[in-house]
$ cat run24.txt   # compact mmCIF, C-alpha atoms
# COMPACT_ATOMS: atom_id res chain seq x y z
CA MET A 86 31.83 -38.00 -100.95
CA CYS A 87 35.58 -37.77 -101.20
CA THR A 88 36.14 -34.05 -100.90
CA MET A 89 39.92 -34.23 -101.21
CA ILE A 90 39.99 -31.07 -99.07
CA ALA A 91 43.30 -30.96 -97.21
CA VAL A 92 45.87 -28.30 -96.41
CA THR A 93 49.28 -29.15 -95.00
CA SER A 94 51.79 -26.82 -93.37
CA PRO A 95 54.98 -27.19 -91.31
CA VAL A 96 54.60 -26.55 -87.58
CA THR A 97 56.80 -26.53 -84.51
CA GLY A 98 55.57 -28.19 -81.35
CA THR A 99 55.10 -31.46 -79.55
CA GLY A 100 52.25 -33.92 -79.39
CA LYS A 101 51.38 -36.89 -77.25
CA GLY A 102 50.69 -40.11 -79.10
CA ALA A 103 50.38 -43.77 -78.21
CA GLU A 104 54.10 -43.94 -77.33
CA GLY A 105 54.27 -40.67 -75.41
CA TRP A 106 55.44 -37.21 -76.37
CA PHE A 107 57.18 -36.54 -79.66
CA PRO A 108 58.11 -33.47 -81.70
CA ILE A 109 55.55 -32.63 -84.37
CA THR A 110 56.70 -31.14 -87.64
CA GLN A 111 53.59 -30.98 -89.76
CA ALA A 112 49.88 -30.23 -89.46
CA THR A 113 47.26 -31.25 -91.98
CA VAL A 114 43.72 -29.95 -91.78
CA GLY A 115 41.19 -31.63 -94.01
CA TYR A 116 37.48 -32.19 -94.37
CA ASP A 117 36.69 -35.63 -95.71
CA HIS A 118 35.48 -39.10 -94.75
CA ALA A 119 35.62 -39.61 -91.01
CA THR A 120 37.39 -42.69 -89.72
CA HIS A 121 36.01 -42.93 -86.22
CA SER A 122 33.64 -40.09 -85.33
CA GLY A 123 30.45 -41.82 -86.45
CA THR A 124 29.64 -39.20 -89.05
CA ALA A 125 30.03 -39.32 -92.81
CA HIS A 126 32.51 -36.45 -92.83
CA ALA A 127 34.55 -34.52 -90.33
CA LEU A 128 37.23 -31.94 -89.95
CA LEU A 129 40.39 -34.04 -89.85
CA LEU A 130 43.30 -32.63 -87.88
CA ASP A 131 46.56 -34.53 -88.08
CA PHE A 132 49.69 -33.48 -86.18
CA THR A 133 52.54 -35.63 -87.43
CA ASN A 134 56.24 -36.30 -87.66
CA TYR A 135 56.77 -38.67 -90.55
CA ASP A 136 60.48 -38.88 -89.83
CA LEU A 137 59.44 -41.01 -86.86
CA GLY A 138 56.96 -43.21 -88.76
CA LEU A 139 53.37 -43.07 -89.90
CA ASP A 140 52.11 -43.72 -86.39
CA ALA A 141 53.82 -40.59 -85.05
CA ARG A 142 50.48 -38.91 -85.43
CA VAL A 143 47.99 -37.18 -83.17
CA ALA A 144 44.63 -37.34 -84.94
CA VAL A 145 41.45 -35.44 -84.13
CA GLU A 146 38.08 -35.54 -85.89
CA LEU A 147 35.67 -32.65 -85.26
CA ASP A 148 32.32 -31.53 -86.58
CA LEU A 149 32.19 -28.13 -88.24
CA ASP A 150 30.68 -26.33 -85.24
CA SER A 151 33.44 -27.66 -83.04
CA GLY A 152 35.98 -26.56 -85.61
CA ARG A 153 34.59 -23.03 -85.62
CA ALA A 154 34.66 -22.95 -81.83
CA LEU A 155 38.24 -24.21 -81.78
CA LEU A 156 39.23 -21.60 -84.33
CA ALA A 157 37.77 -18.87 -82.13
CA GLN A 158 39.50 -20.30 -79.06
CA LEU A 159 42.83 -20.39 -80.84
CA GLN A 160 42.43 -16.84 -82.03
CA SER A 161 41.43 -15.68 -78.55
CA ALA A 162 44.31 -17.48 -76.87
CA ILE A 163 46.84 -16.14 -79.37
CA GLU A 164 45.61 -12.58 -78.92
CA ALA A 165 45.70 -12.94 -75.13
CA ALA A 166 49.21 -14.38 -75.29
CA GLU A 167 50.43 -11.52 -77.45
CA ALA A 168 48.75 -8.97 -75.17
CA SER A 169 50.40 -10.51 -72.13
CA GLY A 170 53.84 -9.65 -73.45
CA GLN A 171 55.03 -13.13 -72.54
CA VAL A 172 55.44 -14.47 -76.05
CA ALA A 173 58.20 -17.08 -76.07
CA MET B 250 22.30 -62.90 -106.06
CA TRP B 251 23.60 -62.72 -102.51
CA ASN B 252 22.83 -65.73 -100.27
CA SER B 253 21.68 -67.94 -103.15
CA PHE B 254 24.39 -70.61 -103.03
CA LYS B 255 23.60 -74.32 -102.79
CA THR B 256 24.39 -75.76 -99.39
CA ASP B 257 25.86 -78.92 -100.95
CA ASP B 258 28.21 -77.07 -103.31
CA ASP B 259 31.61 -78.75 -102.99
CA HIS B 260 33.31 -75.62 -104.29
CA LEU B 261 31.92 -73.28 -101.68
CA GLY B 262 34.77 -71.34 -100.21
CA ILE B 263 37.65 -68.98 -100.81
CA SER B 264 41.24 -68.52 -99.87
CA ALA B 265 42.52 -65.03 -99.27
CA GLY B 266 45.68 -63.27 -98.30
CA ILE B 267 48.25 -60.60 -98.95
CA THR B 268 50.93 -61.12 -101.55
CA THR B 269 53.16 -58.87 -103.64
CA TYR B 270 53.14 -58.23 -107.37
CA ARG B 271 55.10 -56.11 -109.80
CA ALA B 272 53.03 -52.94 -109.93
CA GLY B 273 53.51 -49.73 -111.86
CA ASN B 274 57.10 -48.63 -112.42
CA GLY B 275 58.16 -52.19 -111.66
CA ASP B 276 57.69 -51.65 -107.94
CA GLU B 277 56.91 -54.65 -105.75
CA THR B 278 53.78 -53.69 -103.84
CA HIS B 279 51.14 -55.44 -101.80
CA THR B 280 47.88 -56.76 -103.14
CA TYR B 281 45.06 -58.62 -101.44
CA VAL B 282 44.11 -61.70 -103.45
CA VAL B 283 40.94 -63.74 -103.05
CA ARG B 284 40.60 -67.09 -104.82
CA PRO B 285 37.39 -69.08 -105.10
CA THR B 286 37.73 -72.76 -104.26
CA THR B 287 37.05 -74.28 -107.64
CA ASP B 288 38.78 -76.42 -110.23
CA GLY B 289 37.72 -74.51 -113.32
CA PRO B 290 38.78 -71.13 -114.67
CA VAL B 291 37.05 -68.07 -113.26
CA PRO B 292 36.88 -64.43 -114.33
CA GLY B 293 39.19 -61.91 -112.71
CA ILE B 294 38.34 -58.63 -111.05
CA VAL B 295 40.59 -55.73 -110.10
CA LEU B 296 39.17 -54.11 -106.98
CA VAL B 297 40.21 -50.47 -106.52
CA HIS B 298 40.16 -49.35 -102.91
CA HIS B 299 38.64 -46.08 -101.76
CA MET B 300 40.22 -42.91 -100.38
CA PRO B 301 40.21 -44.15 -96.74
CA GLY B 302 42.70 -46.72 -97.87
CA TRP B 303 43.44 -50.42 -98.20
CA ASP B 304 41.29 -51.22 -95.21
CA GLU B 305 39.25 -53.99 -93.66
CA PHE B 306 36.10 -52.96 -95.50
CA THR B 307 37.98 -53.32 -98.76
CA GLN B 308 39.24 -56.78 -97.84
CA GLU B 309 35.73 -57.91 -96.97
CA PHE B 310 34.47 -56.41 -100.22
CA ALA B 311 37.04 -58.51 -102.10
CA GLU B 312 36.01 -61.62 -100.20
CA ARG B 313 32.37 -61.10 -101.14
CA LEU B 314 33.32 -60.95 -104.82
CA GLY B 315 35.43 -64.07 -104.36
CA ARG B 316 32.53 -65.97 -102.83
CA HIS B 317 30.61 -65.25 -106.01
CA GLY B 318 33.19 -66.94 -108.18
CA TYR B 319 35.71 -64.27 -109.06
CA LEU B 320 39.47 -64.24 -108.73
CA VAL B 321 40.06 -60.84 -107.14
CA THR B 322 43.18 -58.77 -106.73
CA CYS B 323 43.09 -55.52 -104.81
CA PRO B 324 46.37 -53.59 -105.00
CA ASP B 325 47.47 -51.38 -102.13
CA LEU B 326 47.59 -48.11 -104.04
CA TYR B 327 49.11 -46.42 -100.97
CA CYS B 328 51.90 -48.99 -100.55
CA ARG B 329 54.64 -46.53 -101.52
CA PHE B 330 53.56 -44.06 -98.81
CA GLY B 331 54.56 -46.42 -96.02
CA HIS B 332 52.81 -48.80 -93.68
CA GLY B 333 50.73 -48.62 -90.55
CA THR B 334 47.06 -48.72 -89.69
CA PRO B 335 44.85 -47.85 -92.68
CA ASP B 336 43.88 -44.48 -91.21
CA ASP B 337 47.51 -43.56 -90.47
CA VAL B 338 48.48 -44.40 -94.04
CA ALA B 339 45.48 -42.54 -95.46
CA ALA B 340 46.42 -39.49 -93.37
CA LYS B 341 49.91 -39.52 -94.91
CA VAL B 342 48.44 -39.75 -98.39
CA ARG B 343 45.98 -36.95 -97.60
CA SER B 344 48.81 -34.73 -96.37
CA GLU B 345 50.53 -35.14 -99.74
CA GLY B 346 47.48 -34.24 -101.82
CA GLY B 347 46.36 -37.78 -102.58
CA VAL B 348 47.72 -40.59 -104.73
CA HIS B 349 48.45 -39.56 -108.33
CA ASP B 350 46.04 -40.76 -110.99
CA ASP B 351 48.95 -41.98 -113.13
CA SER B 352 50.19 -44.14 -110.26
CA VAL B 353 46.74 -45.72 -109.84
CA VAL B 354 46.38 -46.37 -113.55
CA ALA B 355 49.80 -48.01 -113.74
CA ASP B 356 49.20 -50.18 -110.66
CA CYS B 357 45.77 -51.32 -111.89
CA GLU B 358 47.05 -52.02 -115.39
CA ALA B 359 49.73 -54.20 -113.84
CA ALA B 360 47.13 -55.88 -111.64
CA ALA B 361 45.05 -56.71 -114.72
CA GLN B 362 48.11 -58.19 -116.38
CA TRP B 363 48.83 -60.20 -113.22
CA LEU B 364 45.30 -61.62 -113.39
CA ARG B 365 45.59 -62.52 -117.07
CA GLN B 366 48.73 -64.51 -116.34
CA ASP B 367 47.21 -66.41 -113.42
CA PRO B 368 46.38 -70.02 -114.34
CA GLN B 369 43.03 -69.79 -112.57
CA CYS B 370 41.85 -66.77 -114.58
CA SER B 371 39.54 -67.36 -117.54
CA GLY B 372 40.81 -64.24 -119.27
CA LYS B 373 37.63 -62.25 -118.71
CA LEU B 374 38.35 -59.17 -116.58
CA GLY B 375 36.30 -56.67 -114.65
CA ILE B 376 37.21 -53.67 -112.55
CA ILE B 377 35.24 -52.12 -109.71
CA GLY B 378 35.72 -49.58 -106.96
CA PRO B 379 33.74 -47.54 -104.45
CA CYS B 380 34.10 -43.80 -103.82
CA SER B 381 37.44 -42.58 -105.24
CA GLY B 382 37.89 -46.19 -106.31
CA GLY B 383 34.83 -45.85 -108.55
CA ARG B 384 36.36 -42.83 -110.20
CA HIS B 385 39.65 -44.67 -110.55
CA ALA B 386 37.98 -47.82 -111.93
CA LEU B 387 36.40 -45.73 -114.68
CA LEU B 388 39.65 -43.90 -115.30
CA VAL B 389 41.65 -47.11 -115.60
CA ALA B 390 39.10 -48.78 -117.89
CA SER B 391 39.10 -45.68 -120.11
CA ARG B 392 42.85 -45.10 -120.26
CA VAL B 393 44.09 -48.70 -120.32
CA GLY B 394 41.28 -50.55 -122.05
CA GLY B 395 40.90 -54.30 -122.39
CA PHE B 396 38.42 -54.81 -119.56
CA ASP B 397 35.16 -56.66 -120.18
CA ALA B 398 33.11 -54.80 -117.56
CA VAL B 399 33.58 -51.81 -115.27
CA VAL B 400 31.60 -50.79 -112.19
CA ASP B 401 31.69 -47.28 -110.78
CA LEU B 402 30.22 -47.12 -107.27
CA TRP B 403 29.38 -43.44 -106.62
CA GLY B 404 32.72 -42.18 -107.84
CA GLY B 405 32.93 -38.44 -107.26
CA GLY B 406 35.20 -36.29 -109.37
CA VAL B 407 34.39 -37.91 -112.72
CA ILE B 408 33.34 -34.43 -113.72
CA MET B 409 35.80 -31.83 -112.45
CA PRO B 410 35.66 -28.10 -113.09
CA ASP B 411 39.07 -26.61 -113.78
CA ASP B 412 39.31 -25.22 -110.25
CA GLN B 413 39.04 -28.75 -108.84
CA LEU B 414 41.91 -30.18 -110.87
CA THR B 415 45.00 -30.84 -108.76
CA PRO B 416 48.54 -32.04 -109.41
CA ALA B 417 47.46 -35.55 -108.36
CA ARG B 418 44.19 -35.43 -110.31
CA PRO B 419 45.05 -33.32 -113.37
CA VAL B 420 42.39 -34.57 -115.81
CA ALA B 421 38.68 -35.24 -115.29
CA PRO B 422 37.88 -38.87 -116.17
CA ILE B 423 34.88 -37.81 -118.26
CA THR B 424 37.44 -36.45 -120.72
CA TYR B 425 38.27 -40.04 -121.69
CA THR B 426 34.68 -41.15 -122.34
CA ALA B 427 35.28 -41.77 -126.04
CA ASP B 428 38.07 -44.22 -125.14
CA LEU B 429 35.97 -46.39 -122.81
CA ASP B 430 35.77 -49.83 -124.41
CA ALA B 431 33.92 -51.77 -121.70
CA PRO B 432 30.28 -51.79 -120.62
CA LEU B 433 29.79 -49.61 -117.55
CA LEU B 434 27.55 -50.05 -114.52
CA GLY B 435 27.07 -46.96 -112.36
CA ILE B 436 25.53 -47.04 -108.88
CA PHE B 437 24.60 -43.72 -107.26
CA GLY B 438 22.71 -42.26 -104.32
CA ASN B 439 20.42 -39.36 -105.11
CA ASP B 440 21.38 -37.57 -101.89
CA ASP B 441 25.07 -37.63 -102.78
CA GLN B 442 26.94 -34.33 -103.10
CA SER B 443 29.76 -35.84 -105.15
CA PRO B 444 28.61 -36.93 -107.63
CA THR B 445 25.44 -34.88 -107.56
CA PRO B 446 22.44 -36.16 -109.54
CA ALA B 447 23.13 -33.36 -112.02
CA GLN B 448 26.68 -34.63 -112.51
CA VAL B 449 25.37 -38.16 -113.03
CA ASP B 450 23.02 -36.71 -115.67
CA GLU B 451 25.97 -35.02 -117.35
CA HIS B 452 28.00 -38.21 -117.31
CA GLN B 453 25.07 -40.15 -118.75
CA ALA B 454 24.67 -37.62 -121.56
CA GLU B 455 28.36 -37.93 -122.42
CA LEU B 456 28.14 -41.72 -122.54
CA GLU B 457 25.06 -41.52 -124.78
CA LYS B 458 26.80 -39.01 -127.04
CA HIS B 459 29.59 -41.49 -127.63
CA GLY B 460 27.27 -44.49 -128.01
CA LYS B 461 28.65 -46.33 -124.99
CA THR B 462 27.04 -49.38 -123.38
CA PHE B 463 26.10 -48.52 -119.82
CA GLU B 464 23.44 -48.74 -117.16
CA PHE B 465 23.03 -46.33 -114.27
CA HIS B 466 20.98 -47.05 -111.16
CA ARG B 467 20.12 -44.20 -108.82
CA TYR B 468 18.72 -44.72 -105.36
CA ASP B 469 16.45 -42.45 -103.38
CA GLY B 470 17.09 -42.30 -99.66
CA ALA B 471 20.80 -42.94 -100.15
CA GLY B 472 23.79 -40.67 -100.35
CA HIS B 473 27.47 -41.37 -100.76
CA GLY B 474 28.95 -44.66 -99.62
CA PHE B 475 25.71 -46.42 -98.89
CA PHE B 476 27.43 -49.86 -98.95
CA TYR B 477 29.53 -48.85 -95.93
CA TYR B 478 27.99 -50.94 -93.17
CA HIS B 479 30.59 -49.62 -90.72
CA THR B 480 29.31 -46.03 -91.08
CA PRO B 481 26.04 -44.13 -90.72
CA MET B 482 25.99 -43.83 -94.52
CA TYR B 483 24.83 -47.45 -94.83
CA ARG B 484 21.39 -48.00 -96.39
CA GLN B 485 20.45 -51.65 -96.13
CA GLU B 486 17.65 -51.87 -98.70
CA GLN B 487 19.44 -49.83 -101.35
CA ALA B 488 22.78 -51.54 -100.73
CA MET B 489 21.44 -55.05 -101.07
CA ASP B 490 19.55 -54.19 -104.25
CA ALA B 491 22.66 -52.55 -105.69
CA TRP B 492 24.83 -55.56 -104.78
CA ASP B 493 22.47 -57.69 -106.84
CA LYS B 494 22.88 -55.25 -109.72
CA VAL B 495 26.64 -55.63 -109.43
CA PHE B 496 26.55 -59.43 -109.46
CA THR B 497 24.05 -59.54 -112.35
CA PHE B 498 26.20 -57.15 -114.36
CA PHE B 499 29.48 -58.94 -113.74
CA ASP B 500 27.92 -62.39 -114.26
CA SER B 501 26.42 -61.36 -117.61
CA HIS B 502 29.63 -59.85 -118.94
CA LEU B 503 32.29 -62.04 -117.37
CA LYS B 504 30.79 -65.50 -116.94
CA ARG B 505 29.06 -65.99 -120.29

$ encode --input "run24.txt" --output "structure tokens"
Amino acid sequence: MCTMIAVTSPVTGTGKGAEGWFPITQATVGYDHATHSGTAHALLLDFTNYDLGLDARVAVELDLDSGRALLAQLQSAIEAAEASGQVA
Amino acid sequence: MWNSFKTDDDHLGISAGITTYRAGNGDETHTYVVRPTTDGPVPGIVLVHHMPGWDEFTQEFAERLGRHGYLVTCPDLYCRFGHGTPDDVAAKVRSEGGVHDDSVVADCEAAAQWLRQDPQCSGKLGIIGPCSGGRHALLVASRVGGFDAVVDLWGGGVIMPDDQLTPARPVAPITYTADLDAPLLGIFGNDDQSPTPAQVDEHQAELEKHGKTFEFHRYDGAGHGFFYYHTPMYRQEQAMDAWDKVFTFFDSHLKR
């Protein structure tokens, strides 16, 4: 099915694509038809900078369990970073 | 029927390629056109691509229709979002909440007009699409009118509760059922989650209420996108049977 589930937000960071590193300005997280993961649907993570073109994109497709694990890892890493007192 | 051509048919063949046409809002956008190799007039079909974009599956889909004697045009509904690989373009569209229904309707209406003006077109017109393209095919046929046959392949979102309406998809296509002026073929998998079998029932009831001409075929052992031979959703037996349903439907309404 086409879920049309997608949430987009601005981000600050860099990503490595086919042409090397580039600044990323936007993240979109969706759950819809997978392009390449071999499953019907997947969590679709796109880190992009459309000022540089449509191929300025780092794309990741994950299953839901992997997404939950990644969410926990992110939360854990953020908490550890904040606790370290070395937040940039 | 698939694979039922005569091996000595002089007209066996197609030509296909990308061209531009004046789409909605007067914009020059891409369309993929497939022409059967024949001297006589043939019916036209607008093919509406699915959410993953104007991709290779869609081009091969158009070519299959062309091999069965239809002049096909398949507009790139994402053309205004930019260009790149189909998945890069689809990601851009996804990040912006999807292509607007009004944009699709305008582009497909213009594509139908382009077909009518083509010297090879007999004047009979169909419209078909898979996935979001099925929903859009129904939406276009209902809002624009003038088609002779419409095929909805498992289009989800024909029925949309208020909390599923979005700026890009502000009205549920079922709302326009009374306006549908073409016979409708619907192909669905009973394991699909969008549309669910209950939603297909609801759509059927609405069509019956308005006295519309339609036929729905529902397949056990199949879910969404069961024509997609490039994905694990593919179901060979159900897909080939449904393809025959599509050709029989189009042939009966567009070639006679």

$ residues_near_point --input "run24.txt" --point "(28.1, -45.8, -98.0)" --cutoff "10 Å" --atoms "only C-alpha atoms" --output "compact mmCIF listing (two decimals) with C-alpha atoms, in the frame of the given file"
# COMPACT_ATOMS: atom_id res chain seq x y z
CA MET A 86 31.83 -38.00 -100.95
CA ALA A 125 30.03 -39.32 -92.81
CA PRO B 379 33.74 -47.54 -104.45
CA CYS B 380 34.10 -43.80 -103.82
CA LEU B 402 30.22 -47.12 -107.27
CA TRP B 403 29.38 -43.44 -106.62
CA GLY B 438 22.71 -42.26 -104.32
CA ASP B 441 25.07 -37.63 -102.78
CA ALA B 471 20.80 -42.94 -100.15
CA GLY B 472 23.79 -40.67 -100.35
CA HIS B 473 27.47 -41.37 -100.76
CA GLY B 474 28.95 -44.66 -99.62
CA PHE B 475 25.71 -46.42 -98.89
CA PHE B 476 27.43 -49.86 -98.95
CA TYR B 477 29.53 -48.85 -95.93
CA TYR B 478 27.99 -50.94 -93.17
CA HIS B 479 30.59 -49.62 -90.72
CA THR B 480 29.31 -46.03 -91.08
CA PRO B 481 26.04 -44.13 -90.72
CA MET B 482 25.99 -43.83 -94.52
CA TYR B 483 24.83 -47.45 -94.83
CA ARG B 484 21.39 -48.00 -96.39
CA GLN B 485 20.45 -51.65 -96.13
CA ALA B 488 22.78 -51.54 -100.73

$ residues_around --input "run24.txt" --residues "Leu147 in chain A" --least-positions-apart "4" --cutoff "8 Å" --atoms "all atoms listed in the file" --output "ChimeraX atom specification"
/A:122,127-129,151-152

$ interface_residues --input "run24.txt" --of "chain B" --to "chain A" --cutoff "8 Å" --atoms "all atoms listed in the file" --output "PDB file with C-alpha atoms, in the frame of the given file"
ATOM      1  CA  MET B 300      40.220 -42.910-100.380  1.00  0.00           C
ATOM      2  CA  PRO B 301      40.210 -44.150 -96.740  1.00  0.00           C
ATOM      3  CA  GLY B 331      54.560 -46.420 -96.020  1.00  0.00           C
ATOM      4  CA  HIS B 332      52.810 -48.800 -93.680  1.00  0.00           C
ATOM      5  CA  GLY B 333      50.730 -48.620 -90.550  1.00  0.00           C
ATOM      6  CA  THR B 334      47.060 -48.720 -89.690  1.00  0.00           C
ATOM      7  CA  ASP B 336      43.880 -44.480 -91.210  1.00  0.00           C
ATOM      8  CA  ASP B 337      47.510 -43.560 -90.470  1.00  0.00           C
ATOM      9  CA  VAL B 338      48.480 -44.400 -94.040  1.00  0.00           C
ATOM     10  CA  ALA B 340      46.420 -39.490 -93.370  1.00  0.00           C
ATOM     11  CA  LYS B 341      49.910 -39.520 -94.910  1.00  0.00           C
ATOM     12  CA  ARG B 343      45.980 -36.950 -97.600  1.00  0.00           C
ATOM     13  CA  SER B 344      48.810 -34.730 -96.370  1.00  0.00           C
ATOM     14  CA  GLU B 345      50.530 -35.140 -99.740  1.00  0.00           C
ATOM     15  CA  GLY B 346      47.480 -34.240-101.820  1.00  0.00           C
ATOM     16  CA  GLY B 347      46.360 -37.780-102.580  1.00  0.00           C
ATOM     17  CA  CYS B 380      34.100 -43.800-103.820  1.00  0.00           C
ATOM     18  CA  SER B 381      37.440 -42.580-105.240  1.00  0.00           C
ATOM     19  CA  GLY B 405      32.930 -38.440-107.260  1.00  0.00           C
ATOM     20  CA  ASP B 441      25.070 -37.630-102.780  1.00  0.00           C
ATOM     21  CA  GLN B 442      26.940 -34.330-103.100  1.00  0.00           C
ATOM     22  CA  SER B 443      29.760 -35.840-105.150  1.00  0.00           C
ATOM     23  CA  PRO B 444      28.610 -36.930-107.630  1.00  0.00           C
ATOM     24  CA  HIS B 473      27.470 -41.370-100.760  1.00  0.00           C
ATOM     25  CA  GLY B 474      28.950 -44.660 -99.620  1.00  0.00           C
ATOM     26  CA  THR B 480      29.310 -46.030 -91.080  1.00  0.00           C
ATOM     27  CA  PRO B 481      26.040 -44.130 -90.720  1.00  0.00           C
ATOM     28  CA  MET B 482      25.990 -43.830 -94.520  1.00  0.00           C
TER      29      MET B 482
END

$ atom_distance --input "run24.txt" --atom1 "CA of Glu277 in chain B" --atom2 "CA of Leu503 in chain B"
28.2 Å

$ axis_aligned_box --input "run24.txt" --around "range 433-445 of chain B" --padding-each-side "6 Å" --output "JSON"
{"center_x": 25.1, "center_y": -42.2, "center_z": -109.7, "size_x": 21.4, "size_y": 27.7, "size_z": 27.7}

$ atom_distance --input "run24.txt" --atom1 "CA of Gly394 in chain B" --atom2 "CA of Phe437 in chain B"
23.3 Å

$ atom_distance --input "run24.txt" --atom1 "CA of Phe496 in chain B" --atom2 "CA of Leu388 in chain B"
21.1 Å

$ closest_residue --input "run24.txt" --among "A:Gln158, A:Ile163, A:Gly105, A:Gly100" --to "Val145 in chain A" --atoms "only C-alpha atoms"
A:Gly100

$ residues_near_point --input "run24.txt" --point "(26.7, -45.5, -111.2)" --cutoff "12 Å" --atoms "all atoms listed in the file" --output "MDAnalysis selection string"
chainID B and resid 377:380 383:384 386:387 399:405 407 432:439 441 443:446 448:450 452:453 463:468 473:474 491 494:495

$ residues_around --input "run24.txt" --residues "Thr268 in chain B" --least-positions-apart "2" --cutoff "9 Å" --atoms "all atoms listed in the file" --output "MDAnalysis selection string"
chainID B and resid 266 270 278:282

$ closest_residue --input "run24.txt" --among "B:Thr426, B:His317, B:Gly375, B:Thr462" --to "Phe254 in chain B" --atoms "only C-alpha atoms"
B:His317

$ residues_around --input "run24.txt" --residues "Pro108 in chain A" --least-positions-apart "3" --cutoff "8 Å" --atoms "all atoms listed in the file" --output "list of chain:residue names"
A:Thr97, A:Gly98, A:Thr99, A:Gly100, A:Asn134

$ write_last_selection --input "run24.txt" --atoms "C-alpha atoms" --output "short mmCIF file (atom, residue, chain, number, x, y, z; two decimals), keeping the file's coordinate frame"
data_model
loop_
_atom_site.label_atom_id
_atom_site.label_comp_id
_atom_site.auth_asym_id
_atom_site.auth_seq_id
_atom_site.Cartn_x
_atom_site.Cartn_y
_atom_site.Cartn_z
CA THR A 97 56.80 -26.53 -84.51
CA GLY A 98 55.57 -28.19 -81.35
CA THR A 99 55.10 -31.46 -79.55
CA GLY A 100 52.25 -33.92 -79.39
CA ASN A 134 56.24 -36.30 -87.66
#

$ closest_residue --input "run24.txt" --among "B:Lys373, B:Lys255, B:Arg316, B:Arg418" --to "Val354 in chain B" --atoms "only C-alpha atoms"
B:Arg418

$ decode --input "run24.txt" --residues "range 106-154 of chain A" --atoms "C-alpha atoms" --output "PDB file, in the first residue's frame"
ATOM      1  CA  TRP A 106      30.745  14.614   1.752  1.00  0.00           C
ATOM      2  CA  PHE A 107      28.179  17.376   1.533  1.00  0.00           C
ATOM      3  CA  PRO A 108      26.191  19.491   4.000  1.00  0.00           C
ATOM      4  CA  ILE A 109      22.734  18.089   4.700  1.00  0.00           C
ATOM      5  CA  THR A 110      19.876  20.463   5.377  1.00  0.00           C
ATOM      6  CA  GLN A 111      16.837  18.250   5.604  1.00  0.00           C
ATOM      7  CA  ALA A 112      15.787  14.850   6.953  1.00  0.00           C
ATOM      8  CA  THR A 113      12.686  12.976   5.890  1.00  0.00           C
ATOM      9  CA  VAL A 114      11.529   9.886   7.724  1.00  0.00           C
ATOM     10  CA  GLY A 115       8.811   7.870   6.061  1.00  0.00           C
ATOM     11  CA  TYR A 116       7.302   4.416   6.003  1.00  0.00           C
ATOM     12  CA  ASP A 117       6.221   3.395   2.537  1.00  0.00           C
ATOM     13  CA  HIS A 118       7.152   1.271  -0.474  1.00  0.00           C
ATOM     14  CA  ALA A 119      10.754   0.159  -0.303  1.00  0.00           C
ATOM     15  CA  THR A 120      12.946   0.793  -3.318  1.00  0.00           C
ATOM     16  CA  HIS A 121      15.775  -1.612  -2.696  1.00  0.00           C
ATOM     17  CA  SER A 122      15.461  -3.510   0.580  1.00  0.00           C
ATOM     18  CA  GLY A 123      13.565  -6.491  -0.824  1.00  0.00           C
ATOM     19  CA  THR A 124      10.534  -5.921   1.355  1.00  0.00           C
ATOM     20  CA  ALA A 125       7.172  -4.430   0.487  1.00  0.00           C
ATOM     21  CA  HIS A 126       7.617  -1.543   2.897  1.00  0.00           C
ATOM     22  CA  ALA A 127      10.395  -0.019   4.926  1.00  0.00           C
ATOM     23  CA  LEU A 128      11.316   2.890   7.103  1.00  0.00           C
ATOM     24  CA  LEU A 129      12.725   5.369   4.608  1.00  0.00           C
ATOM     25  CA  LEU A 130      15.365   7.767   5.900  1.00  0.00           C
ATOM     26  CA  ASP A 131      16.511  10.473   3.528  1.00  0.00           C
ATOM     27  CA  PHE A 132      19.193  13.020   4.425  1.00  0.00           C
ATOM     28  CA  THR A 133      19.252  15.610   1.677  1.00  0.00           C
ATOM     29  CA  ASN A 134      20.352  18.996   0.429  1.00  0.00           C
ATOM     30  CA  TYR A 135      18.129  19.891  -2.487  1.00  0.00           C
ATOM     31  CA  ASP A 136      20.072  23.084  -3.118  1.00  0.00           C
ATOM     32  CA  LEU A 137      22.765  20.770  -4.482  1.00  0.00           C
ATOM     33  CA  GLY A 138      20.443  18.601  -6.589  1.00  0.00           C
ATOM     34  CA  LEU A 139      18.162  15.640  -6.132  1.00  0.00           C
ATOM     35  CA  ASP A 140      21.098  13.257  -5.921  1.00  0.00           C
ATOM     36  CA  ALA A 141      22.522  15.078  -2.892  1.00  0.00           C
ATOM     37  CA  ARG A 142      20.842  12.424  -0.822  1.00  0.00           C
ATOM     38  CA  VAL A 143      21.904   9.764   1.645  1.00  0.00           C
ATOM     39  CA  ALA A 144      19.152   7.149   1.670  1.00  0.00           C
ATOM     40  CA  VAL A 145      18.608   4.328   4.145  1.00  0.00           C
ATOM     41  CA  GLU A 146      15.851   1.712   4.230  1.00  0.00           C
ATOM     42  CA  LEU A 147      15.268  -0.144   7.514  1.00  0.00           C
ATOM     43  CA  ASP A 148      12.773  -2.627   8.863  1.00  0.00           C
ATOM     44  CA  LEU A 149      10.757  -1.551  11.881  1.00  0.00           C
ATOM     45  CA  ASP A 150      12.820  -3.516  14.405  1.00  0.00           C
ATOM     46  CA  SER A 151      15.970  -1.881  13.109  1.00  0.00           C
ATOM     47  CA  GLY A 152      14.281   1.489  13.313  1.00  0.00           C
ATOM     48  CA  ARG A 153      13.364   0.913  16.950  1.00  0.00           C
ATOM     49  CA  ALA A 154      16.912  -0.169  17.718  1.00  0.00           C
TER      50      ALA A 154
END
